[in-house]
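Asker: If you scroll down you'll find the structure; I have some questions about it.
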Protein chains: 2
Amino acid sequence: MIIQIGYHEGMGSQPLFEHPACLITQLDVHVQEQLIAQLAPLGIHPRHFGVLSLLIEQDGLSQHQLSAPLSVHRNVMVGLVDDMERRGLVDRQPHPTDRRAHAVRLLPAGRQLHAEAEALVSEFEAKLLGGLDAAEARAFTSLLMRVCENAGLYHDIHPGLRASSGESLSV
Amino acid sequence: MIIQIGYHEGMGSQPLFEHPACLITQLDVHVQEQLIAQLAPLGIHPRHFGVLSLLIEQDGLSQHQLSAPLSVHRNVMVGLVDDMERRGLVDRQPHPTDRRAHAVRLLPAGRQLHAEAEALVSEFEAKLLGGLDAAEARAFTSLLMRVCENAGLYHDIHPGLRASSGESLSV
DNA sequence: TATTGTTATACTCTATAACTATA
DNA sequence: TATAGTTATAGAGTATAACAATA
């Protein structure tokens with residue numbers, strides 16, 4: 001069965017790389033590639049940087065609270081925290097209010113590494129937006145944030161950082 | 001709604017989700033997820049849509065010419081073209097100027113499916129940018145394109161595909 | 001010698017399910 | 001009953017290397 005959508009030949013088709021969705025996807029391929037390369041000298045993956053950044057914003061989060069906003073499955077988070085604990089960047093403390101959970105806490109080495117990593121990430125981002133002037137770059141970032149917000153991407157992670165709503169994963 | 005992140009100023013550390021790179025990554029996770037869901041009823045993956053779109057713009061491209069702009073390895077392209085040939089969306093013809101290569105050509109069913117797929121993709125994109133007014137949406141897409149261009153993402157595909165002036169691709 | 005398409009193999013990543021200890 | 005963390009296993013996805021035909 002063919003579903004007629006009212007889109008017929010002759011209405012004109014949009015070039016692939018004028019589709020916002022395709023632009024975002026292509027850009028992310030590049031961003032991932034570059035972030036991995038930028039952070040490799042520090043021995044971490046962008047996901048480790050994500051964990052460190054969330055802990056800088058609010059220390060002592062549980063592994064589940066860390067995995068939800070990063071779109072990382074909780075099984076994978078185990079390994080990420082393992083890596084970072086092994087390197088002395090974080091440790092696992094008993095969670096103050098939930099004895100099932102661990103409070104992942106930043107250690108001084110983690111704070112230091114985060115600062116170095118963020119410098120590298122910011123340096124890359126400056127290059128990424130290097131074709132825009134300052135006002136355009138601000139506008140771009142602001143619009144990006146609004147699109148993300150509109151897509152409901154932050155509901156879990158903001159001030160509360162605790163609205164657990166099932167497992168949201170990429171397919 | 002304004003995004004409020006309770007972080008402490010002073011250490012020069014930027015909240016994770018104000019980093020453009022992180023916004024792009026998070027947004028792409030969402031976009032991929034949604035595109036896959038949107039196109040699933042048609043039995044295709046976003047990558048198939050990418051191939052169909054490139055062929056709409058310029059029919060008879062070789063598999064290598066298709067794989068480069070889509071950031072897909074040529075080994076993977078074999079399978080994608082296999083899928084689409086099996087469904088009667090495209091076929092493989094002898095390439096007119098390179099006897100090693102195949103010219104992948106759109107069949108009528110492929111043209112039809114592309115129209116349906118593009119309608120679904122555009123519908124999703126309208127929702128994605130639904131929080132912006134028309135001028136903001138245009139600005140966002142335009143800035144996205146400039147960032148992509150600045151990153152060197154379509155040096156291979158612009159001249160041949162967008163202009164479609166009959167010149168061969170320098171891939 | 002390099003490139004196109006193809007296949008096979010090995011490797012990585014992710015998903016699923018199970019288990020425990022809590023809630 | 002549901003959830004946090006953990007582990008093991010299976011499956012999907014990806015990279016590497018090789019090959020034949022052609023440039």
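Chain labels A, B, ... are given in the sequence in which chains occur in the structure tokens; within each chain residues are numbered consecutively from 1, and ligands are likewise numbered from 1 in the order shown.
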Give me the residues within 12 Å of stretch 130-138 of chain A as an NGL selection string, counting only C-alpha atoms (C1' of nucleotides) and dropping any in the same chain fewer than 4 places off.

Answerer: (:A and (122-126 or 142-145)) or (:B and (18-20 or 139-140 or 142-152))

Asker: Which of stretch 2-98 of chain B end up as strand (DSSP E or B) when DSSP is run on this backbone - answer as a tab-separated table (two decimals) with C-alpha atoms, in the first residue's frame?

Answerer:
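To be explicit, this is the file written out as result_16.tsv:
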chain	number	residue	atom	x	y	z
B	90	VAL	CA	17.92	1.60	-8.27
B	91	ASP	CA	19.97	-0.57	-10.57
B	92	ARG	CA	23.62	-0.90	-11.48
B	93	GLN	CA	24.54	0.07	-15.01
B	94	PRO	CA	27.94	0.01	-16.65

Asker: Excluding C:DA23 and its own-chain neighbours fewer than 2 positions away, which residues fall within 12 Å of it when counting only C-alpha atoms (C1' of nucleotides)? Please give them as a PyMOL selection string.

Answerer: (chain A and resi 97-101) or (chain C and resi 21) or (chain D and resi 1-4)

Asker: Pull N, CA, C and O atoms (P, O5', C5', C4', C3', O3' and C1' of nucleotides) from the residues just selected and write them as a PDB file, in the first residue's frame.

Answerer:
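Dumped to part.pdb:
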ATOM      1  N   THR A  97      21.778   9.603  49.976  1.00  0.00           N
ATOM      2  CA  THR A  97      20.333   9.395  50.181  1.00  0.00           C
ATOM      3  C   THR A  97      19.812   8.104  49.567  1.00  0.00           C
ATOM      4  O   THR A  97      18.640   7.773  49.752  1.00  0.00           O
ATOM      5  N   ASP A  98      20.653   7.368  48.825  1.00  0.00           N
ATOM      6  CA  ASP A  98      20.177   6.144  48.178  1.00  0.00           C
ATOM      7  C   ASP A  98      21.279   5.100  48.269  1.00  0.00           C
ATOM      8  O   ASP A  98      22.281   5.186  47.561  1.00  0.00           O
ATOM      9  N   ARG A  99      21.073   4.119  49.109  1.00  0.00           N
ATOM     10  CA  ARG A  99      22.152   3.174  49.371  1.00  0.00           C
ATOM     11  C   ARG A  99      22.402   2.202  48.227  1.00  0.00           C
ATOM     12  O   ARG A  99      23.360   1.447  48.243  1.00  0.00           O
ATOM     13  N   ARG A 100      21.505   2.227  47.210  1.00  0.00           N
ATOM     14  CA  ARG A 100      21.776   1.409  46.027  1.00  0.00           C
ATOM     15  C   ARG A 100      22.810   2.083  45.141  1.00  0.00           C
ATOM     16  O   ARG A 100      23.545   1.426  44.394  1.00  0.00           O
ATOM     17  N   ALA A 101      22.857   3.411  45.207  1.00  0.00           N
ATOM     18  CA  ALA A 101      23.629   4.183  44.227  1.00  0.00           C
ATOM     19  C   ALA A 101      25.004   4.563  44.736  1.00  0.00           C
ATOM     20  O   ALA A 101      25.294   4.492  45.935  1.00  0.00           O
TER      21      ALA A 101
ATOM     22  P    DA C  21      23.785  -9.445  47.450  1.00  0.00           P
ATOM     23  O5'  DA C  21      23.010  -8.079  47.733  1.00  0.00           O
ATOM     24  C5'  DA C  21      23.800  -6.928  48.023  1.00  0.00           C
ATOM     25  C4'  DA C  21      22.902  -5.703  47.986  1.00  0.00           C
ATOM     26  C3'  DA C  21      21.826  -5.695  49.074  1.00  0.00           C
ATOM     27  O3'  DA C  21      22.293  -4.996  50.263  1.00  0.00           O
ATOM     28  C1'  DA C  21      20.996  -4.909  46.930  1.00  0.00           C
TER      29       DA C  21
ATOM     30  P    DT D   1       4.980  -8.361  41.203  1.00  0.00           P
ATOM     31  O5'  DT D   1       5.398  -6.808  41.276  1.00  0.00           O
ATOM     32  C5'  DT D   1       4.388  -5.794  41.212  1.00  0.00           C
ATOM     33  C4'  DT D   1       5.118  -4.490  41.257  1.00  0.00           C
ATOM     34  C3'  DT D   1       6.134  -4.328  40.120  1.00  0.00           C
ATOM     35  O3'  DT D   1       5.794  -3.181  39.368  1.00  0.00           O
ATOM     36  C1'  DT D   1       7.132  -3.864  42.243  1.00  0.00           C
ATOM     37  P    DA D   2       6.706  -2.883  38.051  1.00  0.00           P
ATOM     38  O5'  DA D   2       7.811  -1.885  38.605  1.00  0.00           O
ATOM     39  C5'  DA D   2       7.400  -0.725  39.336  1.00  0.00           C
ATOM     40  C4'  DA D   2       8.634   0.029  39.801  1.00  0.00           C
ATOM     41  C3'  DA D   2       9.681   0.244  38.704  1.00  0.00           C
ATOM     42  O3'  DA D   2      10.175   1.571  38.792  1.00  0.00           O
ATOM     43  C1'  DA D   2      10.677  -0.833  40.558  1.00  0.00           C
ATOM     44  P    DT D   3      11.081   2.119  37.583  1.00  0.00           P
ATOM     45  O5'  DT D   3      12.503   2.243  38.293  1.00  0.00           O
ATOM     46  C5'  DT D   3      12.627   3.064  39.434  1.00  0.00           C
ATOM     47  C4'  DT D   3      13.968   2.824  40.091  1.00  0.00           C
ATOM     48  C3'  DT D   3      15.168   2.988  39.141  1.00  0.00           C
ATOM     49  O3'  DT D   3      16.053   3.936  39.713  1.00  0.00           O
ATOM     50  C1'  DT D   3      15.344   0.999  40.399  1.00  0.00           C
ATOM     51  P    DA D   4      17.375   4.345  38.848  1.00  0.00           P
ATOM     52  O5'  DA D   4      18.539   3.636  39.672  1.00  0.00           O
ATOM     53  C5'  DA D   4      18.942   4.183  40.908  1.00  0.00           C
ATOM     54  C4'  DA D   4      20.298   3.621  41.313  1.00  0.00           C
ATOM     55  C3'  DA D   4      21.363   3.732  40.229  1.00  0.00           C
ATOM     56  O3'  DA D   4      22.600   4.140  40.807  1.00  0.00           O
ATOM     57  C1'  DA D   4      20.950   1.428  40.735  1.00  0.00           C
TER      58       DA D   4
END

Asker: Can you state the RMSD, in Å, between chain B and chain A once they are superposed by least squares on every Cα paired in order?

Answerer: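 It comes to 7.6 Å after superposition.
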
Asker: Could you work out how far atom CA of A:Leu70 lies from atom CA of A:Gly110, giving the answer in Å with one decimal?

Answerer: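 Distance between the two atoms: 18.1 Å.
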